[in-house]
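Asker: What follows is a structure written as structure tokens; I'll ask about it next.
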Amino acid sequence: MLLVGAVLGASVLAAHGAARTGLPVLVAFLGLGMLLGSDGPGGIDFDDAELTRRIGVVGLALILYEGGLQTSWRRLREVVVPAALLSTVGVIATAAIAGLSARAFFDVSWLEAFLLGAVVASTDAAAVFATLRFTQIRRRLARTLEAESGGNDPMAIALTVGLIAWIERPGRYGADDLLLEVVRQLGLGLLVGVALGAAATWLFARIPQTVAAFAPVASIAAAAVAFGAADAIGGSGFLAVYLVGLAVGSTPSRYRRQLVAFHEGLAFAAQVALFVVLGLLVFPHDLPHVALPGLGLALVLVVVARPAAVWLSTAFLTYTNKERALLGWAGLRGAVPIVLATFVLSSSVPHKETIFNAVFFVVLVSTTLQGTTLEWVARRLGLLAPAPPVHESPLEVGALSQLDLVDFAVAPDHAVNGSAVRELGLPREALVAVINRNSETIPPRGSTTIRAGDRLFVLIPRTRRPDLEDVFARWRRRV
């Protein structure tokens with residue numbers, strides 16, 4: 001208990017230091033784990049790849065569920081096509097290009113090279129969600145990255161598992177088996193996720209007040225059942241748990257804020273456990289011999305593979321070249337590739353230690369380089385949204401109220417700019433309670449004209465909150 005408490009306390013300090021210096025939190029936690037390991041002052045001797053893989057699976061499931069919970073289907077449906085293409089076509093393209101490069105940089109077989117490419121092919125949900133919380137990237141691009149990072153893990157996992165089986169069972173496993181594995185993982189994961197997501201939507205909309213304190217328990221149960229059910233039938237538990245989290249996050253419920261706060265803390269604890277244990281498994285004295293080829297692979301991944309995958313996936317979609325460039329730069333690698341590398345490390349692949357160390361090095365380079373410069377690149381490309389001014393809410397809604405108070409910041413290019421209050425098209429049950437303009441509170445009339453810079457505070461029943469999100473989407477359309 002003393003050790004666990006000390007590690008958690010140190011992780012909070014590491015997170016604070018990372019926020020002050022601009023270093024990604026992932027790198028700070030990995031560094032903490034390496035300091036605690038056998039090569040560091042902590043001296044903890046840990047080399048259990050199988051245990052690390054199990055911890056990684058649980059941690060990733062919690063992180064993905066929290067990512068889905070923080071989102072909603074209505075926010076993501078406008079980017080579902082590009083996100084799906086990036087999560088499938090993009091992952092395959094990235095794995096192929098990275099695999100070709102790995103064959104040139106490392107002394108491994110062709111199958112091992114493509115296995116290394118598959119392991120580093122997906123972006124990381126934890127790294128992307130954490131980075132986007134502190135940036136002001138335009139909404140459409142941010143939502144594309146969110147949806148992609150939640151959806152591309154199953155493809156990378158299926159490719160990794162299939163390629164490991166291909167290497168371990170030569171002559172008995174081939175390309176057709178790999179294709180079947182990918183289709184089964186994605187298909188069954190999608191089926192379970194949609195089915196249990198629909199059940200979770202019905203359930204969480206009807207949780208009685210008498211068991212309100214157990215709402216987080218029900219939420220954890222939903223996540224565990226979703227992952228376990230999909231995994232038990234050979235599907236992708238990661239896809240299923242993300243979809244169920246998305247369904248719960250999209251459900252109008254008086255407990256939504258409570259669940260979001262609970263799972264945000266739980267996901268932070270999962271990140272700490274996941275990254276610290278991964279750091280313990282790394283032996284720094286093994287990294288120098290993969291430093292140069294690892295750097296070469298990381299640069300190919302950042303400069304060639306990811307941009308090519310983005311352009312291939314969005315070639316026929318309405319993204320500008322600058323937007324594609326930013327999506328290409330935002331392909332952060334994090335915990336997912338390292339956890340997949342533990343799949344390799346616990347297998348009988350001949351060069352598994354080389355693959356694990358190479359992946360760890362690639363992740364450090366990618367996270368440090370891209371994670372610290374993403375907002376700067378977005379600013380240079382002119383793709384940052386203006387940060388809305390922070391105003392204290394002029395009204396308060398009690399925790400037991402059936403109403404939500406939702407605010408909306410009006411930008412100059414929003415369609416709602418210049419409209420009268422009576423023309424806003426709000427649901428019948430909704431009401432613009434007050435307007436904050438130039439630090440002054442204005443009681444609205446039907447004839448009051450909305451101006452850029454206004455902040456509208458809208459009262460609406462919690463059960464109608466999704467309808468309000470549709471209205472906000474119309475308000476945000478550019479004129």
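We name chains A, B, ... following the order of the structure tokens; residues begin at 1 in each chain, and ligands are numbered from 1 as shown.
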When you look at stretch 198-202 of chain A with a cut-off of 7 Å (counting only C-alpha atoms), what residues show up, excluding the ones that are within fewer than 4 positions of it in the same chain? I need them as a list in words.
Answerer: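 Counting only the stated atoms, we get Val194, Arg206, Ala247, Val248 and Thr251 of chain A.
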Asker: Mind checking which residues fall within 10 Å of A:Val300, counting only C-alpha atoms, ignoring those fewer than 4 positions away in the same chain, and posting them as a list in words?
Answerer: Thr94, Ile97, Ala98, Ser101, Ala102, Gly294, Leu295, Gly296, Val304, Ala305, Arg306 and Pro307 of chain A
Asker: Convert the current residue selection to file output with all heavy atoms, as an mmCIF file, in the first residue's frame.
Answerer:
```cif
data_model
loop_
_atom_site.group_PDB
_atom_site.id
_atom_site.type_symbol
_atom_site.label_atom_id
_atom_site.label_comp_id
_atom_site.auth_asym_id
_atom_site.auth_seq_id
_atom_site.Cartn_x
_atom_site.Cartn_y
_atom_site.Cartn_z
ATOM 1 N N THR A 94 -0.446 2.512 -43.317
ATOM 2 C CA THR A 94 0.641 2.821 -42.394
ATOM 3 C C THR A 94 1.456 1.577 -42.069
ATOM 4 O O THR A 94 2.698 1.613 -42.045
ATOM 5 C CB THR A 94 0.086 3.420 -41.091
ATOM 6 O OG1 THR A 94 -0.678 4.588 -41.393
ATOM 7 C CG2 THR A 94 1.210 3.802 -40.140
ATOM 8 N N ILE A 97 3.723 0.619 -45.174
ATOM 9 C CA ILE A 97 4.883 1.490 -45.377
ATOM 10 C C ILE A 97 5.888 1.330 -44.235
ATOM 11 O O ILE A 97 7.105 1.236 -44.464
ATOM 12 C CB ILE A 97 4.435 2.953 -45.498
ATOM 13 C CG1 ILE A 97 3.548 3.132 -46.729
ATOM 14 C CG2 ILE A 97 5.637 3.884 -45.577
ATOM 15 C CD1 ILE A 97 2.907 4.493 -46.852
ATOM 16 N N ALA A 98 5.378 1.273 -42.999
ATOM 17 C CA ALA A 98 6.272 1.080 -41.854
ATOM 18 C C ALA A 98 6.945 -0.281 -41.915
ATOM 19 O O ALA A 98 8.122 -0.428 -41.544
ATOM 20 C CB ALA A 98 5.496 1.228 -40.549
ATOM 21 N N SER A 101 9.835 -0.202 -44.341
ATOM 22 C CA SER A 101 10.956 0.518 -43.742
ATOM 23 C C SER A 101 11.635 -0.312 -42.659
ATOM 24 O O SER A 101 12.862 -0.323 -42.545
ATOM 25 C CB SER A 101 10.467 1.842 -43.148
ATOM 26 O OG SER A 101 9.824 2.629 -44.131
ATOM 27 N N ALA A 102 10.836 -1.024 -41.846
ATOM 28 C CA ALA A 102 11.399 -1.847 -40.773
ATOM 29 C C ALA A 102 12.289 -2.942 -41.338
ATOM 30 O O ALA A 102 13.315 -3.294 -40.744
ATOM 31 C CB ALA A 102 10.280 -2.451 -39.935
ATOM 32 N N GLY A 294 15.638 2.872 -34.916
ATOM 33 C CA GLY A 294 14.354 3.308 -34.363
ATOM 34 C C GLY A 294 14.035 4.731 -34.752
ATOM 35 O O GLY A 294 12.885 5.071 -35.065
ATOM 36 N N LEU A 295 15.063 5.597 -34.725
ATOM 37 C CA LEU A 295 14.866 6.982 -35.157
ATOM 38 C C LEU A 295 14.488 7.039 -36.634
ATOM 39 O O LEU A 295 13.599 7.801 -37.040
ATOM 40 C CB LEU A 295 16.138 7.786 -34.906
ATOM 41 C CG LEU A 295 16.115 9.259 -35.340
ATOM 42 C CD1 LEU A 295 15.023 10.021 -34.597
ATOM 43 C CD2 LEU A 295 17.470 9.907 -35.112
ATOM 44 N N GLY A 296 15.146 6.204 -37.447
ATOM 45 C CA GLY A 296 14.806 6.168 -38.875
ATOM 46 C C GLY A 296 13.376 5.731 -39.094
ATOM 47 O O GLY A 296 12.642 6.332 -39.905
ATOM 48 N N VAL A 304 6.389 10.131 -43.728
ATOM 49 C CA VAL A 304 5.940 9.441 -44.942
ATOM 50 C C VAL A 304 4.670 8.620 -44.708
ATOM 51 O O VAL A 304 3.646 8.850 -45.360
ATOM 52 C CB VAL A 304 7.058 8.521 -45.492
ATOM 53 C CG1 VAL A 304 6.568 7.811 -46.759
ATOM 54 C CG2 VAL A 304 8.312 9.317 -45.778
ATOM 55 N N ALA A 305 4.734 7.668 -43.762
ATOM 56 C CA ALA A 305 3.652 6.693 -43.627
ATOM 57 C C ALA A 305 2.328 7.331 -43.213
ATOM 58 O O ALA A 305 1.296 7.105 -43.852
ATOM 59 C CB ALA A 305 4.059 5.607 -42.628
ATOM 60 N N ARG A 306 2.350 8.097 -42.136
ATOM 61 C CA ARG A 306 1.104 8.701 -41.657
ATOM 62 C C ARG A 306 0.520 9.699 -42.665
ATOM 63 O O ARG A 306 -0.671 9.620 -42.983
ATOM 64 C CB ARG A 306 1.348 9.368 -40.301
ATOM 65 C CG ARG A 306 0.223 10.263 -39.802
ATOM 66 C CD ARG A 306 -1.034 9.469 -39.471
ATOM 67 N NE ARG A 306 -2.096 10.359 -39.000
ATOM 68 C CZ ARG A 306 -3.281 9.955 -38.588
ATOM 69 N NH1 ARG A 306 -3.571 8.671 -38.582
ATOM 70 N NH2 ARG A 306 -4.190 10.825 -38.174
ATOM 71 N N PRO A 307 1.313 10.643 -43.212
ATOM 72 C CA PRO A 307 0.726 11.545 -44.222
ATOM 73 C C PRO A 307 0.170 10.799 -45.430
ATOM 74 O O PRO A 307 -0.897 11.155 -45.942
ATOM 75 C CB PRO A 307 1.908 12.446 -44.609
ATOM 76 C CG PRO A 307 2.794 12.440 -43.412
ATOM 77 C CD PRO A 307 2.679 11.052 -42.853
#
```
Asker: Running DSSP on the backbone, which parts of stretch 178-261 of chain A land in alpha helix (DSSP H), as JSON, numbers by chain?
Answerer: {"A": [178, 179, 180, 181, 182, 183, 184, 185, 186, 187, 188, 189, 190, 191, 192, 193, 194, 195, 196, 197, 198, 199, 200, 201, 202, 203, 204, 215, 216, 217, 218, 219, 220, 221, 222, 223, 224, 225, 226, 227, 228, 229, 230, 231, 232, 237, 238, 239, 240, 241, 242, 243, 244, 245, 246, 247, 248, 249, 256, 257, 258, 259, 260, 261]}
Asker: Skipping near chain neighbours, those fewer than 4 positions away, what residues fall within 10 Å of A:Ala270 using only C-alpha atoms, listed as a list in words?
Answerer: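 The residues that qualify are Ile55, Gly56, Val58, Gly59, Leu60, Ala61, Leu62, Ile63, His263, Glu264, Gly265, Leu266, Leu274, Phe275 and Val276 of chain A.
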Asker: Can you pull out every residue within 12 Å of stretch 350-354 of chain A, counting only C-alpha atoms, but drop anything in the same chain fewer than 6 positions away, and send it as a PyMOL selection string?
Answerer: chain A and resi 47+49+102+105-113+115-116+119+164+167-168+281-283+286-291+293-294+340-344+360-361
Asker: Those selected residues, please, written with N, CA, C and O atoms and delivered as a CSV table (one decimal), in the first residue's frame.
Answerer:
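Written output follows (result06.csv):
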```csv
chain,number,residue,atom,x,y,z
A,47,ASP,N,10.0,-8.2,-15.1
A,47,ASP,CA,10.1,-8.6,-16.5
A,47,ASP,C,9.0,-9.5,-16.9
A,47,ASP,O,9.1,-10.3,-17.8
A,49,ALA,N,6.1,-10.0,-19.0
A,49,ALA,CA,5.5,-9.5,-20.2
A,49,ALA,C,4.0,-9.8,-20.2
A,49,ALA,O,3.1,-9.0,-20.6
A,102,ALA,N,10.8,-1.0,-41.8
A,102,ALA,CA,11.4,-1.8,-40.8
A,102,ALA,C,12.3,-2.9,-41.3
A,102,ALA,O,13.3,-3.3,-40.7
A,105,PHE,N,15.6,-1.3,-41.9
A,105,PHE,CA,16.3,-0.7,-40.8
A,105,PHE,C,16.7,-1.8,-39.8
A,105,PHE,O,17.7,-1.6,-39.1
A,106,PHE,N,16.0,-2.9,-39.7
A,106,PHE,CA,16.3,-3.9,-38.7
A,106,PHE,C,16.6,-5.3,-39.3
A,106,PHE,O,16.1,-5.6,-40.4
A,107,ASP,N,17.3,-6.1,-38.6
A,107,ASP,CA,17.7,-7.4,-39.1
A,107,ASP,C,16.6,-8.4,-38.7
A,107,ASP,O,16.7,-9.2,-37.8
A,108,VAL,N,15.4,-8.3,-39.4
A,108,VAL,CA,14.3,-9.2,-39.1
A,108,VAL,C,13.7,-9.7,-40.4
A,108,VAL,O,14.1,-9.2,-41.5
A,109,SER,N,12.9,-10.7,-40.3
A,109,SER,CA,12.3,-11.3,-41.5
A,109,SER,C,11.2,-10.4,-42.0
A,109,SER,O,10.8,-9.4,-41.4
A,110,TRP,N,10.6,-10.7,-43.2
A,110,TRP,CA,9.6,-9.9,-43.8
A,110,TRP,C,8.3,-9.9,-42.9
A,110,TRP,O,7.7,-8.8,-42.7
A,111,LEU,N,8.0,-11.1,-42.4
A,111,LEU,CA,6.8,-11.1,-41.6
A,111,LEU,C,7.0,-10.4,-40.3
A,111,LEU,O,6.1,-9.7,-39.8
A,112,GLU,N,8.2,-10.4,-39.7
A,112,GLU,CA,8.5,-9.7,-38.5
A,112,GLU,C,8.5,-8.2,-38.8
A,112,GLU,O,8.0,-7.4,-37.9
A,113,ALA,N,8.9,-7.8,-39.9
A,113,ALA,CA,8.9,-6.4,-40.3
A,113,ALA,C,7.5,-5.8,-40.4
A,113,ALA,O,7.2,-4.8,-39.9
A,115,LEU,N,5.0,-7.2,-39.0
A,115,LEU,CA,4.4,-7.2,-37.6
A,115,LEU,C,4.8,-5.9,-36.9
A,115,LEU,O,3.9,-5.3,-36.2
A,116,LEU,N,6.0,-5.5,-37.0
A,116,LEU,CA,6.5,-4.2,-36.4
A,116,LEU,C,5.7,-3.1,-37.0
A,116,LEU,O,5.2,-2.2,-36.2
A,119,VAL,N,2.2,-3.1,-35.4
A,119,VAL,CA,2.2,-2.7,-34.0
A,119,VAL,C,2.2,-1.1,-33.9
A,119,VAL,O,1.5,-0.6,-33.0
A,164,ILE,N,1.3,-12.5,-35.6
A,164,ILE,CA,2.0,-13.3,-34.6
A,164,ILE,C,1.6,-14.8,-34.9
A,164,ILE,O,2.5,-15.7,-34.9
A,167,ILE,N,3.5,-16.1,-37.9
A,167,ILE,CA,5.0,-16.4,-37.6
A,167,ILE,C,5.1,-17.6,-36.8
A,167,ILE,O,6.0,-18.4,-37.0
A,168,GLU,N,4.2,-17.8,-35.8
A,168,GLU,CA,4.3,-18.9,-34.9
A,168,GLU,C,3.9,-20.2,-35.6
A,168,GLU,O,4.3,-21.3,-35.2
A,281,LEU,N,9.0,-2.4,-17.5
A,281,LEU,CA,9.3,-3.5,-18.4
A,281,LEU,C,10.5,-3.2,-19.3
A,281,LEU,O,11.1,-4.0,-20.0
A,282,VAL,N,10.7,-1.9,-19.5
A,282,VAL,CA,11.8,-1.4,-20.4
A,282,VAL,C,13.1,-1.4,-19.6
A,282,VAL,O,13.2,-0.9,-18.5
A,283,PHE,N,14.2,-1.9,-20.3
A,283,PHE,CA,15.5,-1.8,-19.7
A,283,PHE,C,16.3,-0.8,-20.6
A,283,PHE,O,16.7,-1.2,-21.7
A,286,ASP,N,19.1,-1.6,-23.0
A,286,ASP,CA,18.8,-2.3,-24.3
A,286,ASP,C,18.5,-1.4,-25.4
A,286,ASP,O,18.3,-1.8,-26.6
A,287,LEU,N,18.3,-0.1,-25.1
A,287,LEU,CA,17.7,0.8,-26.1
A,287,LEU,C,18.8,1.4,-27.1
A,287,LEU,O,18.5,1.6,-28.3
A,288,PRO,N,20.0,1.6,-26.7
A,288,PRO,CA,21.0,2.2,-27.6
A,288,PRO,C,21.2,1.5,-28.9
A,288,PRO,O,21.3,2.2,-30.0
A,289,HIS,N,21.1,0.2,-28.9
A,289,HIS,CA,21.4,-0.6,-30.2
A,289,HIS,C,20.2,-0.4,-31.2
A,289,HIS,O,20.4,-0.8,-32.4
A,290,VAL,N,19.1,0.1,-30.7
A,290,VAL,CA,17.9,0.3,-31.7
A,290,VAL,C,17.7,1.8,-31.9
A,290,VAL,O,16.7,2.1,-32.5
A,291,ALA,N,18.6,2.6,-31.3
A,291,ALA,CA,18.3,4.0,-31.4
A,291,ALA,C,18.3,4.6,-32.8
A,291,ALA,O,17.4,5.2,-33.2
A,293,PRO,N,18.3,2.9,-35.9
A,293,PRO,CA,17.2,2.4,-36.8
A,293,PRO,C,15.8,2.8,-36.2
A,293,PRO,O,14.9,3.0,-37.0
A,294,GLY,N,15.6,2.9,-34.9
A,294,GLY,CA,14.4,3.3,-34.4
A,294,GLY,C,14.0,4.7,-34.8
A,294,GLY,O,12.9,5.1,-35.1
A,340,LEU,N,0.7,-3.4,-27.6
A,340,LEU,CA,0.7,-4.5,-28.7
A,340,LEU,C,2.1,-5.1,-28.7
A,340,LEU,O,2.3,-6.3,-29.1
A,341,ALA,N,3.1,-4.3,-28.4
A,341,ALA,CA,4.5,-4.9,-28.4
A,341,ALA,C,4.6,-5.9,-27.3
A,341,ALA,O,5.4,-6.8,-27.4
A,342,THR,N,3.8,-5.7,-26.2
A,342,THR,CA,3.9,-6.8,-25.1
A,342,THR,C,3.2,-8.1,-25.6
A,342,THR,O,3.5,-9.1,-25.2
A,343,PHE,N,2.3,-7.9,-26.6
A,343,PHE,CA,1.7,-9.2,-27.2
A,343,PHE,C,2.8,-9.9,-27.9
A,343,PHE,O,2.9,-11.1,-27.8
A,344,VAL,N,3.7,-9.2,-28.6
A,344,VAL,CA,4.8,-9.8,-29.3
A,344,VAL,C,5.8,-10.4,-28.3
A,344,VAL,O,6.3,-11.5,-28.4
A,360,PHE,N,9.1,0.9,-28.4
A,360,PHE,CA,9.3,1.8,-27.3
A,360,PHE,C,10.0,3.1,-27.8
A,360,PHE,O,9.5,4.2,-27.5
A,361,PHE,N,11.0,2.9,-28.5
A,361,PHE,CA,11.8,4.1,-29.0
A,361,PHE,C,11.0,4.9,-30.0
A,361,PHE,O,11.0,6.2,-29.9
```
Asker: What's the 12 Å shell around A:Thr463, counting only C-alpha atoms, without same-chain residues fewer than 2 positions away, as a compact mmCIF listing (two decimals) with all heavy atoms, in the first residue's frame?
Answerer:
```txt
# COMPACT_ATOMS: atom_id res chain seq x y z
N PHE A 204 -29.49 3.24 -18.96
CA PHE A 204 -29.01 4.44 -18.28
C PHE A 204 -30.01 5.59 -18.35
O PHE A 204 -29.91 6.54 -17.59
CB PHE A 204 -27.65 4.87 -18.84
CG PHE A 204 -26.51 4.08 -18.28
CD1 PHE A 204 -26.12 2.88 -18.86
CD2 PHE A 204 -25.83 4.51 -17.15
CE1 PHE A 204 -25.08 2.14 -18.33
CE2 PHE A 204 -24.79 3.78 -16.62
CZ PHE A 204 -24.41 2.58 -17.21
N ALA A 205 -30.94 5.51 -19.26
CA ALA A 205 -32.00 6.52 -19.29
C ALA A 205 -33.07 6.25 -18.24
O ALA A 205 -33.93 7.10 -18.00
CB ALA A 205 -32.64 6.56 -20.68
N ARG A 206 -32.99 5.07 -17.58
CA ARG A 206 -34.05 4.67 -16.65
C ARG A 206 -33.53 4.27 -15.27
O ARG A 206 -34.25 3.65 -14.50
CB ARG A 206 -34.84 3.50 -17.25
CG ARG A 206 -35.65 3.89 -18.47
CD ARG A 206 -36.15 2.68 -19.23
NE ARG A 206 -37.05 3.06 -20.32
CZ ARG A 206 -36.62 3.49 -21.50
NH1 ARG A 206 -35.32 3.59 -21.75
NH2 ARG A 206 -37.49 3.83 -22.44
N SER A 250 -23.92 9.36 -25.06
CA SER A 250 -24.95 10.00 -25.89
C SER A 250 -26.34 9.91 -25.27
O SER A 250 -27.30 10.45 -25.84
CB SER A 250 -24.97 9.32 -27.27
OG SER A 250 -23.72 9.35 -27.89
N THR A 251 -26.45 9.24 -24.13
CA THR A 251 -27.76 9.03 -23.51
C THR A 251 -28.11 10.19 -22.59
O THR A 251 -27.35 10.49 -21.67
CB THR A 251 -27.77 7.72 -22.69
OG1 THR A 251 -27.42 6.64 -23.54
CG2 THR A 251 -29.13 7.48 -22.08
N PRO A 252 -29.24 10.88 -22.82
CA PRO A 252 -29.66 11.92 -21.86
C PRO A 252 -29.93 11.28 -20.50
O PRO A 252 -30.76 10.39 -20.37
CB PRO A 252 -30.96 12.47 -22.48
CG PRO A 252 -30.92 12.06 -23.92
CD PRO A 252 -30.17 10.76 -23.95
N SER A 253 -29.20 11.71 -19.49
CA SER A 253 -29.32 11.11 -18.18
C SER A 253 -28.89 12.11 -17.12
O SER A 253 -27.96 12.89 -17.32
CB SER A 253 -28.45 9.84 -18.08
OG SER A 253 -28.35 9.39 -16.75
N ARG A 254 -29.57 12.09 -15.98
CA ARG A 254 -29.20 12.97 -14.88
C ARG A 254 -27.86 12.58 -14.27
O ARG A 254 -27.28 13.34 -13.50
CB ARG A 254 -30.29 12.94 -13.81
CG ARG A 254 -30.35 11.64 -13.03
CD ARG A 254 -31.45 11.64 -12.00
NE ARG A 254 -32.76 11.64 -12.62
CZ ARG A 254 -33.90 11.66 -11.94
NH1 ARG A 254 -33.88 11.70 -10.63
NH2 ARG A 254 -35.06 11.65 -12.58
N TYR A 255 -27.36 11.39 -14.62
CA TYR A 255 -26.11 10.91 -14.03
C TYR A 255 -24.91 11.11 -14.95
O TYR A 255 -23.81 10.72 -14.60
CB TYR A 255 -26.23 9.41 -13.71
CG TYR A 255 -27.45 9.06 -12.91
CD1 TYR A 255 -28.50 8.35 -13.49
CD2 TYR A 255 -27.57 9.46 -11.59
CE1 TYR A 255 -29.64 8.03 -12.75
CE2 TYR A 255 -28.71 9.16 -10.85
CZ TYR A 255 -29.74 8.44 -11.45
OH TYR A 255 -30.86 8.14 -10.71
N ARG A 256 -25.12 11.74 -16.10
CA ARG A 256 -24.02 11.81 -17.07
C ARG A 256 -22.81 12.54 -16.50
O ARG A 256 -21.68 12.09 -16.66
CB ARG A 256 -24.49 12.49 -18.36
CG ARG A 256 -23.46 12.40 -19.48
CD ARG A 256 -23.93 13.04 -20.77
NE ARG A 256 -22.97 12.84 -21.82
CZ ARG A 256 -21.88 13.57 -21.98
NH1 ARG A 256 -21.63 14.57 -21.14
NH2 ARG A 256 -21.02 13.32 -22.95
N SER A 401 -32.12 19.03 -10.20
CA SER A 401 -33.02 19.64 -11.18
C SER A 401 -33.13 18.76 -12.42
O SER A 401 -32.22 18.02 -12.77
CB SER A 401 -32.50 21.02 -11.57
OG SER A 401 -33.27 21.56 -12.63
N GLN A 402 -34.26 18.84 -13.09
CA GLN A 402 -34.46 18.14 -14.35
C GLN A 402 -33.97 18.96 -15.54
O GLN A 402 -34.09 18.53 -16.69
CB GLN A 402 -35.96 17.83 -14.54
CG GLN A 402 -36.54 16.94 -13.45
CD GLN A 402 -35.91 15.57 -13.45
OE1 GLN A 402 -35.69 14.96 -14.48
NE2 GLN A 402 -35.60 15.06 -12.26
N LEU A 403 -33.41 20.15 -15.26
CA LEU A 403 -32.96 21.05 -16.32
C LEU A 403 -31.43 21.07 -16.40
O LEU A 403 -30.74 20.85 -15.41
CB LEU A 403 -33.46 22.47 -16.07
CG LEU A 403 -34.97 22.68 -16.04
CD1 LEU A 403 -35.29 24.12 -15.68
CD2 LEU A 403 -35.58 22.33 -17.40
N ASP A 404 -30.93 21.35 -17.60
CA ASP A 404 -29.51 21.61 -17.83
C ASP A 404 -29.35 23.05 -18.28
O ASP A 404 -30.20 23.57 -19.04
CB ASP A 404 -28.94 20.68 -18.90
CG ASP A 404 -28.33 19.43 -18.31
OD1 ASP A 404 -28.09 19.41 -17.08
OD2 ASP A 404 -28.08 18.47 -19.07
N PRO A 427 -35.63 23.97 -29.57
CA PRO A 427 -36.75 23.10 -29.23
C PRO A 427 -37.77 23.85 -28.37
O PRO A 427 -37.42 24.80 -27.65
CB PRO A 427 -36.09 21.97 -28.43
CG PRO A 427 -34.67 21.97 -28.87
CD PRO A 427 -34.33 23.40 -29.17
N GLU A 429 -39.20 23.22 -25.67
CA GLU A 429 -38.97 23.21 -24.22
C GLU A 429 -37.76 24.02 -23.80
O GLU A 429 -37.50 24.19 -22.61
CB GLU A 429 -38.78 21.76 -23.75
CG GLU A 429 -39.97 20.85 -23.99
CD GLU A 429 -39.92 20.22 -25.38
OE1 GLU A 429 -39.10 20.68 -26.20
OE2 GLU A 429 -40.71 19.29 -25.63
N ALA A 430 -36.96 24.52 -24.76
CA ALA A 430 -35.73 25.24 -24.44
C ALA A 430 -35.98 26.74 -24.37
O ALA A 430 -36.91 27.27 -24.99
CB ALA A 430 -34.66 24.94 -25.48
N LEU A 459 -31.53 27.10 -21.13
CA LEU A 459 -32.13 26.12 -20.22
C LEU A 459 -32.93 25.12 -21.03
O LEU A 459 -33.73 25.51 -21.90
CB LEU A 459 -33.04 26.82 -19.21
CG LEU A 459 -32.39 27.46 -17.98
CD1 LEU A 459 -33.41 28.27 -17.21
CD2 LEU A 459 -31.76 26.40 -17.08
N ILE A 460 -32.71 23.83 -20.72
CA ILE A 460 -33.42 22.79 -21.47
C ILE A 460 -33.55 21.55 -20.59
O ILE A 460 -32.66 21.26 -19.78
CB ILE A 460 -32.66 22.44 -22.77
CG1 ILE A 460 -33.51 21.51 -23.65
CG2 ILE A 460 -31.30 21.82 -22.48
CD1 ILE A 460 -32.98 21.37 -25.07
N PRO A 461 -34.66 20.82 -20.68
CA PRO A 461 -34.76 19.55 -19.94
C PRO A 461 -33.65 18.59 -20.35
O PRO A 461 -33.29 18.52 -21.53
CB PRO A 461 -36.13 19.02 -20.35
CG PRO A 461 -36.90 20.22 -20.77
CD PRO A 461 -35.90 21.15 -21.39
N ARG A 465 -31.54 17.22 -24.25
CA ARG A 465 -30.19 17.74 -24.51
C ARG A 465 -29.66 17.35 -25.90
O ARG A 465 -29.06 18.19 -26.59
CB ARG A 465 -29.24 17.25 -23.41
CG ARG A 465 -27.79 17.67 -23.57
CD ARG A 465 -27.59 19.15 -23.34
NE ARG A 465 -26.20 19.50 -23.47
CZ ARG A 465 -25.32 19.53 -22.46
NH1 ARG A 465 -25.75 19.26 -21.22
NH2 ARG A 465 -24.08 19.86 -22.65
N PRO A 466 -29.86 16.11 -26.37
CA PRO A 466 -29.37 15.79 -27.72
C PRO A 466 -29.98 16.66 -28.81
O PRO A 466 -29.31 16.99 -29.79
CB PRO A 466 -29.78 14.31 -27.89
CG PRO A 466 -29.85 13.79 -26.50
CD PRO A 466 -30.38 14.93 -25.68
N ASP A 467 -31.27 17.05 -28.66
CA ASP A 467 -31.90 17.93 -29.65
C ASP A 467 -31.19 19.28 -29.68
O ASP A 467 -31.04 19.90 -30.75
CB ASP A 467 -33.38 18.12 -29.32
CG ASP A 467 -34.16 16.82 -29.40
OD1 ASP A 467 -33.75 15.95 -30.18
OD2 ASP A 467 -35.15 16.69 -28.68
N LEU A 468 -30.76 19.75 -28.52
CA LEU A 468 -30.05 21.03 -28.47
C LEU A 468 -28.71 20.95 -29.18
O LEU A 468 -28.29 21.93 -29.82
CB LEU A 468 -29.86 21.45 -27.00
CG LEU A 468 -29.26 22.84 -26.78
CD1 LEU A 468 -30.15 23.92 -27.39
CD2 LEU A 468 -29.05 23.10 -25.29
N GLU A 469 -28.05 19.80 -29.10
CA GLU A 469 -26.77 19.65 -29.80
C GLU A 469 -26.97 19.77 -31.30
O GLU A 469 -26.11 20.31 -32.02
CB GLU A 469 -26.14 18.29 -29.45
CG GLU A 469 -25.71 18.15 -28.00
CD GLU A 469 -24.62 19.12 -27.62
OE1 GLU A 469 -23.86 19.54 -28.53
OE2 GLU A 469 -24.53 19.48 -26.43
```
Asker: Which one of A:Asp39, A:Asp45, A:Glu50, A:Asp124 sits closest to A:Gly371 if you count only C-alpha atoms?
Answerer: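 The closest residue to A:Gly371 is A:Asp124.
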Asker: Which is closer to A:Glu423 than all the others in A:Ala452, A:Pro170, A:Val471, A:Arg464, using only C-alpha atoms?
Answerer: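 Checking each of A:Ala452, A:Pro170, A:Val471, A:Arg464 against A:Glu423, counting only C-alpha atoms, the winner is A:Val471.
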Asker: Any idea what's packed within 10 Å of A:Thr71, counting only C-alpha atoms, ignoring anything in its chain fewer than 6 positions away? Could you give it as a ChimeraX atom specification?
Answerer: /A:143,146-147,245-250,260
Asker: Set the distance at 12 Å and use only C-alpha atoms: which residues neighbour A:Arg169 once local chain neighbours fewer than 5 positions away are removed? I'd like the list as JSON, numbers by chain.
Answerer: {"A": [111, 162, 163, 164, 174, 177, 347, 348, 349]}
Asker: Just to confirm, what's the straight-line distance from atom CA of A:Gly228 to atom CA of A:Gly5 in Å (one decimal)?
Answerer: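 Pair atom CA of A:Gly228 / atom CA of A:Gly5 returns 29.5 Å.
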